[in-house]
Every structure is written in C-alpha cells, then in structure tokens.
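Structure below is work_29.txt: compact mmCIF, C-alpha atoms.
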# COMPACT_ATOMS: atom_id res chain seq x y z
CA MET F 9 0.00 0.00 0.00
CA THR F 10 1.35 3.37 -0.94
CA THR F 11 1.17 6.46 1.24
CA THR F 12 -1.65 7.88 -0.87
CA GLN F 13 -3.77 4.82 -0.28
CA ILE F 14 -3.12 4.80 3.46
CA LEU F 15 -4.06 8.47 3.64
CA PHE F 16 -7.15 7.83 1.54
CA TRP F 17 -8.40 5.12 3.87
CA LEU F 18 -7.63 7.16 6.99
CA LEU F 19 -9.46 10.23 5.66
CA SER F 20 -12.38 8.10 4.46
CA ALA F 21 -12.73 6.47 7.87
CA LEU F 22 -12.56 9.89 9.52
CA ALA F 23 -15.25 11.27 7.18
CA ILE F 24 -17.61 8.33 7.72
CA VAL F 25 -17.15 8.33 11.51
CA GLY F 26 -17.77 12.07 11.54
CA ALA F 27 -20.89 11.72 9.40
CA ILE F 28 -22.29 9.04 11.69
CA GLY F 29 -21.48 11.31 14.62
CA VAL F 30 -23.47 14.12 13.01
CA ILE F 31 -26.64 12.11 12.69
CA SER F 32 -26.38 10.32 16.04
CA CYS F 33 -25.39 13.15 18.38
CA LYS F 34 -27.79 14.22 21.12
CA ASN F 35 -26.74 17.84 21.31
CA PRO F 36 -26.50 19.85 18.05
CA ILE F 37 -23.28 21.52 19.21
CA TYR F 38 -21.53 18.15 19.07
CA GLY F 39 -23.08 17.66 15.65
CA VAL F 40 -21.45 20.89 14.51
CA LEU F 41 -18.07 19.68 15.80
CA TRP F 42 -18.45 16.32 14.04
CA LEU F 43 -19.40 18.12 10.84
CA ILE F 44 -16.23 20.22 11.07
CA ILE F 45 -14.26 16.96 11.25
CA VAL F 46 -16.05 15.72 8.12
CA PHE F 47 -15.23 18.94 6.28
CA PHE F 48 -11.58 18.71 7.23
CA ALA F 49 -11.49 15.10 6.03
CA ILE F 50 -13.05 16.14 2.72
CA SER F 51 -10.49 18.94 2.42
CA GLY F 52 -7.82 16.32 2.98
CA HIS F 53 -9.28 14.36 0.10
CA TYR F 54 -9.08 17.45 -2.09
CA VAL F 55 -5.42 17.89 -1.19
CA LEU F 56 -4.85 14.22 -1.94
CA MET F 57 -6.41 14.72 -5.37
CA ASN F 58 -4.24 17.80 -5.94
CA ALA F 59 -7.21 20.16 -5.97
CA GLN F 60 -5.58 22.69 -3.72
CA PHE F 61 -7.80 25.66 -4.47
CA LEU F 62 -10.93 23.75 -3.53
CA ALA F 63 -9.28 22.40 -0.39
CA ILE F 64 -8.56 25.92 0.81
CA VAL F 65 -11.99 27.20 -0.21
CA ASN F 66 -13.62 24.25 1.53
CA ILE F 67 -11.81 25.02 4.77
CA ILE F 68 -12.45 28.76 4.60
CA VAL F 69 -16.08 28.65 3.49
CA TYR F 70 -17.37 25.50 5.13
CA ALA F 71 -15.24 24.82 8.19
CA GLY F 72 -14.79 28.53 8.76
CA ALA F 73 -17.81 30.59 7.80
CA ILE F 74 -20.72 28.18 7.62
CA MET F 75 -19.84 26.27 10.73
CA VAL F 76 -19.35 29.46 12.73
CA LEU F 77 -22.83 30.48 11.61
CA PHE F 78 -24.21 27.12 12.74
CA THR F 79 -22.45 27.36 16.09
CA PHE F 80 -23.80 30.86 16.56
CA VAL F 81 -27.36 29.76 15.89
CA VAL F 82 -27.04 26.72 18.16
CA MET F 83 -25.75 28.95 20.96
CA PHE F 84 -28.47 31.51 20.27
CA ILE F 85 -31.23 28.93 20.59
CA ASN F 86 -31.65 27.64 24.10
CA LEU F 87 -32.04 23.93 23.56
CA ASN F 88 -32.01 22.91 27.21
CA GLU F 89 -35.49 24.35 27.64
CA HIS F 90 -36.88 22.33 24.77
CA PRO F 91 -35.02 19.05 24.28
CA GLU F 92 -35.61 17.21 21.04
CA ILE F 93 -38.54 14.85 21.17
CA PRO F 94 -37.35 11.65 19.48
CA LYS F 95 -39.24 10.52 16.45
CA ASN F 96 -41.48 7.51 16.55
CA ILE F 97 -39.34 4.35 16.47
CA TYR F 98 -41.07 3.12 13.32
CA VAL F 99 -40.39 6.40 11.52
CA LYS F 100 -36.75 6.19 12.62
CA ALA F 101 -36.41 2.59 11.42
CA ALA F 102 -38.07 3.53 8.14
CA GLY F 103 -35.61 6.39 7.65
CA ILE F 104 -32.60 4.18 8.31
CA ILE F 105 -33.95 1.45 6.03
CA ALA F 106 -34.58 4.01 3.30
CA GLY F 107 -31.00 5.25 3.58
CA LEU F 108 -29.64 1.70 3.48
CA CYS F 109 -31.79 0.85 0.45
CA LEU F 110 -30.45 3.88 -1.39
CA LEU F 111 -26.91 2.82 -0.47
CA ILE F 112 -27.45 -0.74 -1.69
CA VAL F 113 -29.09 0.34 -4.95
CA LEU F 114 -26.38 2.86 -5.80
CA VAL F 115 -23.51 0.54 -4.89
CA ALA F 116 -25.04 -2.35 -6.81
CA ALA F 117 -25.66 -0.16 -9.84
CA LEU F 118 -22.18 1.32 -9.88
CA SER F 119 -20.07 -1.66 -8.89
CA ARG F 120 -20.37 -3.09 -12.39
CA ALA F 121 -19.34 0.09 -14.12
CA SER F 122 -16.73 0.02 -16.82
CA GLU F 123 -13.15 -0.23 -15.60
CA ASN F 124 -11.59 1.61 -18.53
CA ASN F 125 -9.71 4.81 -17.80
CA THR F 126 -10.86 5.00 -14.23
CA GLN F 127 -7.54 5.85 -12.64
CA LEU F 128 -7.33 9.33 -11.21
CA ARG F 129 -4.61 11.47 -12.71
CA ILE F 130 -3.33 13.84 -10.09
CA ASP F 131 -0.05 14.86 -11.66
CA THR F 132 -1.58 17.70 -13.67
CA GLY F 133 -1.86 21.29 -12.52
CA VAL F 134 -5.60 21.53 -12.98
CA GLY F 135 -6.51 22.18 -9.37
CA LEU F 136 -3.95 24.87 -8.78
CA ILE F 137 -5.10 28.36 -7.89
CA LYS F 138 -3.31 29.84 -10.90
CA ASN F 139 -5.15 27.79 -13.50
CA LEU F 140 -8.53 27.91 -11.79
CA GLY F 141 -8.27 31.64 -11.23
CA ARG F 142 -7.39 32.26 -14.84
CA THR F 143 -10.45 30.32 -16.01
CA LEU F 144 -12.66 31.88 -13.37
CA PHE F 145 -11.82 35.43 -14.35
CA ASN F 146 -11.72 34.83 -18.09
CA ASP F 147 -14.55 32.47 -18.96
CA TYR F 148 -16.69 32.69 -15.84
CA VAL F 149 -16.64 36.38 -15.01
CA VAL F 150 -20.39 36.85 -15.49
CA PRO F 151 -21.42 33.93 -13.21
CA PHE F 152 -18.89 35.16 -10.68
CA GLU F 153 -20.44 38.62 -10.65
CA ILE F 154 -23.94 37.21 -10.56
CA SER F 155 -22.96 35.19 -7.50
CA SER F 156 -22.10 38.45 -5.76
CA VAL F 157 -25.65 39.61 -6.48
CA LEU F 158 -26.86 36.29 -5.06
CA PHE F 159 -24.88 36.94 -1.89
CA LEU F 160 -26.28 40.44 -1.61
CA SER F 161 -29.83 39.17 -1.97
CA ALA F 162 -29.15 36.36 0.51
CA MET F 163 -27.79 38.88 3.00
CA VAL F 164 -30.76 41.19 2.60
CA GLY F 165 -33.13 38.23 2.85
CA ALA F 166 -31.45 36.94 6.00
CA VAL F 167 -31.61 40.38 7.63
CA ILE F 168 -35.27 40.84 6.72
CA ILE F 169 -36.24 37.36 7.90
CA GLY F 170 -34.23 37.64 11.09
CA LYS F 171 -35.49 41.11 11.95
CA LYS F 172 -37.67 41.33 15.01
CA GLU F 173 -41.24 41.81 14.02
CA LYS F 174 -43.07 44.79 15.37
CA GLN F 175 -45.48 44.08 18.16
CA GLN F 176 -48.84 43.85 16.54
CA THR F 177 -51.62 45.60 18.37
CA VAL F 178 -54.57 43.29 18.72
CA MET I 20 -6.44 5.64 -6.76
CA GLU I 21 -9.33 4.33 -8.77
CA ILE I 22 -12.51 6.30 -9.14
CA LYS I 23 -14.65 3.59 -7.58
CA TRP I 24 -13.37 4.13 -4.06
CA TYR I 25 -14.26 7.82 -4.25
CA LEU I 26 -17.60 6.81 -5.72
CA PHE I 27 -18.34 4.49 -2.81
CA LEU I 28 -17.15 7.03 -0.22
CA SER I 29 -19.42 9.68 -1.70
CA ILE I 30 -22.36 7.28 -1.82
CA ILE I 31 -21.83 6.33 1.83
CA LEU I 32 -21.65 9.97 2.93
CA PHE I 33 -24.72 10.86 0.86
CA CYS I 34 -26.73 7.95 2.29
CA ILE I 35 -25.72 8.86 5.85
CA GLY I 36 -26.99 12.37 5.10
CA VAL I 37 -30.27 11.02 3.72
CA ALA I 38 -30.78 8.75 6.73
CA GLY I 39 -30.03 11.60 9.12
CA ALA I 40 -32.41 13.99 7.37
CA LEU I 41 -35.15 11.36 7.57
CA THR I 42 -34.62 10.29 11.18
CA ARG I 43 -33.89 13.48 13.10
CA ARG I 44 -36.41 16.09 14.20
CA ASN I 45 -34.04 18.85 15.18
CA SER I 46 -34.09 21.23 12.22
CA ILE I 47 -30.45 22.30 12.71
CA ILE I 48 -29.29 18.70 12.41
CA VAL I 49 -31.49 18.16 9.36
CA PHE I 50 -29.85 21.22 7.84
CA MET I 51 -26.38 19.88 8.65
CA CYS I 52 -27.29 16.61 6.94
CA ILE I 53 -28.16 18.58 3.81
CA GLU I 54 -24.72 20.20 3.96
CA LEU I 55 -23.21 16.74 4.27
CA MET I 56 -24.99 15.61 1.10
CA LEU I 57 -23.82 18.70 -0.79
CA ASN I 58 -20.25 18.03 0.27
CA SER I 59 -20.32 14.40 -0.78
CA VAL I 60 -21.46 15.46 -4.23
CA ASN I 61 -18.69 18.05 -4.38
CA LEU I 62 -16.12 15.39 -3.53
CA LEU I 63 -17.42 13.17 -6.31
CA LEU I 64 -17.33 16.01 -8.83
CA VAL I 65 -13.70 16.72 -8.04
CA ALA I 66 -12.84 13.02 -8.30
CA PHE I 67 -14.55 12.82 -11.68
CA SER I 68 -12.73 15.90 -12.90
CA LYS I 69 -9.46 14.18 -12.05
CA MET I 70 -10.59 10.95 -13.68
CA HIS I 71 -11.56 12.81 -16.82
CA LEU I 72 -7.92 13.80 -17.35
CA SER I 73 -6.81 10.20 -17.60
CA ILE I 74 -8.76 9.71 -20.82
CA PRO I 75 -6.23 10.25 -23.59
CA GLY I 76 -6.82 13.25 -25.78
CA THR I 77 -8.83 15.38 -23.38
CA SER I 78 -7.84 18.93 -22.71
CA ALA I 79 -7.33 20.23 -19.21
CA TYR I 80 -10.03 22.85 -19.72
CA SER I 81 -12.93 20.48 -19.22
CA ALA I 82 -11.46 19.34 -15.90
CA ILE I 83 -11.02 22.96 -14.82
CA ASP I 84 -14.68 23.58 -15.65
CA ALA I 85 -15.71 20.82 -13.24
CA GLN I 86 -13.78 22.40 -10.40
CA ILE I 87 -15.24 25.84 -11.15
CA PHE I 88 -18.63 24.17 -10.94
CA VAL I 89 -17.76 22.84 -7.46
CA PHE I 90 -16.73 26.37 -6.51
CA PHE I 91 -20.12 27.72 -7.57
CA ILE I 92 -21.89 24.95 -5.64
CA MET I 93 -20.02 26.13 -2.55
CA ILE I 94 -21.10 29.73 -3.21
CA VAL I 95 -24.74 28.74 -3.52
CA ALA I 96 -24.47 26.58 -0.39
CA ALA I 97 -23.10 29.51 1.59
CA ALA I 98 -25.96 31.76 0.49
CA GLU I 99 -28.45 29.00 1.24
CA VAL I 100 -27.08 28.47 4.75
CA SER I 101 -27.40 32.14 5.67
CA VAL I 102 -31.05 32.29 4.62
CA GLY I 103 -31.87 28.87 6.08
CA LEU I 104 -30.43 29.68 9.47
CA ALA I 105 -32.35 32.97 9.49
CA ILE I 106 -35.52 30.96 8.85
CA ILE I 107 -34.64 28.60 11.72
CA VAL I 108 -34.09 31.55 14.07
CA MET I 109 -37.42 33.06 13.02
CA MET I 110 -39.13 29.71 13.54
CA TYR I 111 -37.64 29.48 17.02
CA ARG I 112 -38.83 32.98 17.81
CA ASN I 113 -42.38 32.21 16.77
CA THR I 114 -42.81 28.68 18.13
CA LYS I 115 -40.10 28.52 20.84
CA SER I 116 -38.97 25.25 19.30
CA ILE I 117 -36.87 24.07 16.37
CA ASP I 118 -38.74 20.82 15.92
CA ILE I 119 -39.48 20.35 12.22
CA ASN I 120 -42.86 18.82 13.02
CA PHE I 121 -43.97 22.25 14.18
CA LEU I 122 -43.65 23.40 10.60
CA ASN I 123 -46.93 21.72 9.80
CA ARG I 124 -48.56 24.74 11.41
CA LEU I 125 -47.75 26.56 8.21
CA LYS I 126 -50.68 24.94 6.48
CA ASN I 127 -53.23 26.82 8.57
Please lay out the structure from this file as structure tokens.
Amino acid sequence: MTTTQILFWLLSALAIVGAIGVISCKNPIYGVLWLIIVFFAISGHYVLMNAQFLAIVNIIVYAGAIMVLFTFVVMFINLNEHPEIPKNIYVKAAGIIAGLCLLIVLVAALSRASENNTQLRIDTGVGLIKNLGRTLFNDYVVPFEISSVLFLSAMVGAVIIGKKEKQQTV
Amino acid sequence: MEIKWYLFLSIILFCIGVAGALTRRNSIIVFMCIELMLNSVNLLLVAFSKMHLSIPGTSAYSAIDAQIFVFFIMIVAAAEVSVGLAIIVMMYRNTKSIDINFLNRLKN
C-alpha cells in the first residue's frame, strides 16, 4: 500500500465516523463539531487529489464561515429548555432502512461500471489556484459577478427574515 | 487511486446524510445533513474531474470547468445556509422550538 492509499483510507474512515457522529449526536453543538471533522477530512481528500484551491476554499467557506454560523445559531437557541422529542421508532427505522436501500441500490448499480480509464490522474496542474483563477476570471466572469448579487440578496433576505417583528396591536 | 473508491465514499456519505435527514427532528441537524450531502457530491465532482484527465486526448479545460462548478456549488451553499439559518431563528422565535414537526402549522 502506498502512502496515498493509506491516507485515503484514513481520511475516508474519519469522514464516515464524523458523518455518523453528526446524525447520532444528542446535542446539536456536538453535531457541529463532528461536521467540522467531516469537512476537514473532505479537504484532505481534495489535497490528496491535488485540488488545492478547492481544499482551501472548503476550509475557509465550510469549516470557517458556515460552521461558525451554525455554532452561533445553536448557541443563540436555548435547547435545554426544549429538548428534542425523538421521532417515533417506526419512523426512525423507516428512515434508516430508506438510507440503506439507497446505499445498496447505488452501490449495486455502480459496482459493475466500466473499468476503462478510471484511474485518477493527479499529476496535472488543474486544481492549482493559478489555472482555476485564470479560467474563473476569463470564462466565468459573469457567473462570478452574478454570484455576488446572489450573496447580496441572501444577506438582505437573512436580515429581513431575522429582523424582530413589530409588536402587533390586537 | 481508482474512481470507484471515491464513488463508494461519496455514496456512503450521501446515504448517511439522507438517513439523518429522515430520522432526526431537530431542524439544525437536518440542515447539517443537507450540507453533508452537498459536500459528498462536491467530492465526487472533483474526483470525476481528475478521472476525466486520464482519458487520452482530453484537454485540461474540461477538468477545470468541473472544479469551477464545485466552486459555484459552494457559493450557492453559503448563500443557502445564511437564509436557512435565518428561517430557523425566526421559527424558534415564533414557536419557541426548532422541531421540524412544528412546521406543519404553516398549512393553517
């Protein structure tokens, strides 16, 4: 086994353990921490595949910004007053069985896929910031600018939704 | 590495996300499961972009396009999270709970 393979299996195990931790944790704050572990494992996969730009963006955007937002909301909401009422055991079993069925169907469908040209080539400079940035600012300038409009509208929407409503006089 | 191991890893992560979204009632955890599913798909897209390069005669540009696509998925996910968490906070303010079953009050 080469170093790449050992790292792949380690990061995969970390990601799966973290994902199971997310869905099985009692307190959402632990779920957030498990999810950060999953994101770091996925960033490790990106580094392993030589997609360095996406690895950095994944850490900054997901593990940094989004998870801080989640933590903030979890802290803001007082969950000790209202603990989660567990779902009906049958609904829970049905959900797990549905997930397992999806897993089995997808694995069975894809395990017989063609084996031609399926090796990953990581020795090219495709994932480097230089190449991606050049493409992003040459061919994808308009979507990039539109995404800034999307962010603006998301920000305005979040502020308007989160604003305290005025006390309505009855 | 072969593509199939990345394929199976992404499928496992996606299915864990689906199972979590179906079994939990805490809306924050359901939301985190959705993020998990988005990330598993991103991982698979990057793996496919690297696999695409191993086909002889392909230019690097198509692989770069795939990674730009992943970048835009991340952008949309960030915008989605900010609005979604604002909705959760508003829901908590109105119902004093973040149980997703309380959302069925919307139909009245």
Legend entry - Selected residue of minimal separation from Val46 (chain F) among I:Ile22, I:Cys34, I:Ala98, I:Leu55, counting all atoms listed in the file: I:Leu55
Inset, instruction - Fewer than 4 positions away in the same chain doesn't count, so skip those; otherwise give me all residues within 7 Å of Ala105 (chain I), counting only C-alpha atoms, as a list in words. - result: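 So, after excluding close chain neighbours, the residues are Ala166, Ile169 and Gly170 of chain F; Ser101 and Met109 of chain I.
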Inset, instruction - Using only C-alpha atoms, determine which residues of chain I fall within 6 Å of chain F; present them as a PyMOL selection string. - result: chain I and resi 20-22+34+37-39+41-42+69-70+73-74+83+98+102+105+109
Inset, instruction - Would you please work out which residue, of I:Ile53, I:Ser68, I:Leu104, I:Leu26, is nearest to Tyr80 (chain I) when using all atoms listed in the file? - result: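 Using all atoms listed in the file, the shortest distance to Tyr80 (chain I) belongs to I:Ser68.
What separates CA of Tyr25 (chain I) from CA of Ser46 (chain I) is a distance of 29.1 Å.
One distance worth recording is that between CA of Leu41 (chain F) and CA of Ile117 (chain I), which is 19.3 Å.
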Inset, instruction - For Phe48 (chain F), list every protein, DNA or RNA residue within 7 Å, evaluated using all atoms listed in the file, and leave out those in the same chain fewer than 4 positions away; present the list as a VMD selection string. - result: chain F and resid 44 52 67
Inset, instruction - Excluding region 86-95 of chain I and any residue of its chain fewer than 5 positions from it, enumerate the residues within 7 Å of it, using only C-alpha atoms, and give them as a list of chain:residue names. - result: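 The contact residues come out as F:Leu144, I:Asn61, I:Leu64, I:Val65.
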Legend entry - Atomic separation - CA of Ala85 (chain I) relative to CA of Leu57 (chain I), Å: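 Between these atoms lies a distance of 15.0 Å.
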Inset, instruction - Name the residues within 8 Å of (-37.0, 21.8, 11.2), counting all atoms listed in the file in the file's coordinates, and put them as a list in words. - result: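 In the file's frame, the residues around the point are Arg44, Asn45, Ser46, Ile47, Val49, Phe50, Ile107, Ile117, Asp118, Ile119, Asn120, Phe121 and Leu122 of chain I.
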Show me, as lines of an AutoDock Vina configuration file, the centre and edge lengths in Å to one decimal of the axis-aligned box that covers every listed atom of region 103-108 of chain F with 8 Å on each side.
center_x = -32.6
center_y = 3.9
center_z = 5.8
size_x = 22.0
size_y = 20.9
size_z = 21.0
Repaired coordinates for region 32-52 of chain F (N, CA and C atoms) as a PDB file, in the coordinates of the input:
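And here's part_38.pdb as it stands now:
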ATOM      1  N   SER F  32     -26.014  11.048  14.823  1.00  0.00           N
ATOM      2  CA  SER F  32     -26.380  10.320  16.040  1.00  0.00           C
ATOM      3  C   SER F  32     -26.160  11.132  17.299  1.00  0.00           C
ATOM      4  N   CYS F  33     -25.707  12.395  17.169  1.00  0.00           N
ATOM      5  CA  CYS F  33     -25.390  13.150  18.380  1.00  0.00           C
ATOM      6  C   CYS F  33     -26.688  13.621  19.054  1.00  0.00           C
ATOM      7  N   LYS F  34     -26.621  13.727  20.374  1.00  0.00           N
ATOM      8  CA  LYS F  34     -27.790  14.220  21.120  1.00  0.00           C
ATOM      9  C   LYS F  34     -27.892  15.736  21.040  1.00  0.00           C
ATOM     10  N   ASN F  35     -26.761  16.385  21.244  1.00  0.00           N
ATOM     11  CA  ASN F  35     -26.740  17.840  21.310  1.00  0.00           C
ATOM     12  C   ASN F  35     -26.239  18.390  19.966  1.00  0.00           C
ATOM     13  N   PRO F  36     -26.935  19.349  19.363  1.00  0.00           N
ATOM     14  CA  PRO F  36     -26.500  19.850  18.050  1.00  0.00           C
ATOM     15  C   PRO F  36     -25.089  20.437  18.053  1.00  0.00           C
ATOM     16  N   ILE F  37     -24.617  20.915  19.209  1.00  0.00           N
ATOM     17  CA  ILE F  37     -23.280  21.520  19.210  1.00  0.00           C
ATOM     18  C   ILE F  37     -22.226  20.453  18.923  1.00  0.00           C
ATOM     19  N   TYR F  38     -22.458  19.227  19.425  1.00  0.00           N
ATOM     20  CA  TYR F  38     -21.530  18.150  19.070  1.00  0.00           C
ATOM     21  C   TYR F  38     -21.660  17.789  17.598  1.00  0.00           C
ATOM     22  N   GLY F  39     -22.882  17.891  17.076  1.00  0.00           N
ATOM     23  CA  GLY F  39     -23.080  17.660  15.650  1.00  0.00           C
ATOM     24  C   GLY F  39     -22.271  18.622  14.806  1.00  0.00           C
ATOM     25  N   VAL F  40     -22.246  19.897  15.235  1.00  0.00           N
ATOM     26  CA  VAL F  40     -21.450  20.890  14.510  1.00  0.00           C
ATOM     27  C   VAL F  40     -19.979  20.499  14.532  1.00  0.00           C
ATOM     28  N   LEU F  41     -19.492  20.052  15.706  1.00  0.00           N
ATOM     29  CA  LEU F  41     -18.070  19.680  15.800  1.00  0.00           C
ATOM     30  C   LEU F  41     -17.761  18.480  14.919  1.00  0.00           C
ATOM     31  N   TRP F  42     -18.671  17.489  14.920  1.00  0.00           N
ATOM     32  CA  TRP F  42     -18.450  16.320  14.040  1.00  0.00           C
ATOM     33  C   TRP F  42     -18.437  16.752  12.574  1.00  0.00           C
ATOM     34  N   LEU F  43     -19.328  17.682  12.233  1.00  0.00           N
ATOM     35  CA  LEU F  43     -19.400  18.120  10.840  1.00  0.00           C
ATOM     36  C   LEU F  43     -18.112  18.842  10.430  1.00  0.00           C
ATOM     37  N   ILE F  44     -17.511  19.579  11.387  1.00  0.00           N
ATOM     38  CA  ILE F  44     -16.230  20.220  11.070  1.00  0.00           C
ATOM     39  C   ILE F  44     -15.180  19.154  10.762  1.00  0.00           C
ATOM     40  N   ILE F  45     -15.207  18.043  11.525  1.00  0.00           N
ATOM     41  CA  ILE F  45     -14.260  16.960  11.250  1.00  0.00           C
ATOM     42  C   ILE F  45     -14.485  16.398   9.847  1.00  0.00           C
ATOM     43  N   VAL F  46     -15.761  16.223   9.471  1.00  0.00           N
ATOM     44  CA  VAL F  46     -16.050  15.720   8.120  1.00  0.00           C
ATOM     45  C   VAL F  46     -15.508  16.664   7.067  1.00  0.00           C
ATOM     46  N   PHE F  47     -15.694  17.992   7.286  1.00  0.00           N
ATOM     47  CA  PHE F  47     -15.230  18.940   6.280  1.00  0.00           C
ATOM     48  C   PHE F  47     -13.717  18.934   6.174  1.00  0.00           C
ATOM     49  N   PHE F  48     -13.041  18.773   7.317  1.00  0.00           N
ATOM     50  CA  PHE F  48     -11.580  18.710   7.230  1.00  0.00           C
ATOM     51  C   PHE F  48     -11.137  17.445   6.514  1.00  0.00           C
ATOM     52  N   ALA F  49     -11.841  16.334   6.737  1.00  0.00           N
ATOM     53  CA  ALA F  49     -11.490  15.100   6.030  1.00  0.00           C
ATOM     54  C   ALA F  49     -11.687  15.269   4.530  1.00  0.00           C
ATOM     55  N   ILE F  50     -12.794  15.938   4.150  1.00  0.00           N
ATOM     56  CA  ILE F  50     -13.050  16.140   2.720  1.00  0.00           C
ATOM     57  C   ILE F  50     -12.001  17.067   2.118  1.00  0.00           C
ATOM     58  N   SER F  51     -11.573  18.077   2.900  1.00  0.00           N
ATOM     59  CA  SER F  51     -10.490  18.940   2.420  1.00  0.00           C
ATOM     60  C   SER F  51      -9.212  18.141   2.240  1.00  0.00           C
ATOM     61  N   GLY F  52      -8.980  17.187   3.145  1.00  0.00           N
ATOM     62  CA  GLY F  52      -7.820  16.320   2.980  1.00  0.00           C
ATOM     63  C   GLY F  52      -7.898  15.515   1.698  1.00  0.00           C
TER      64      GLY F  52
END
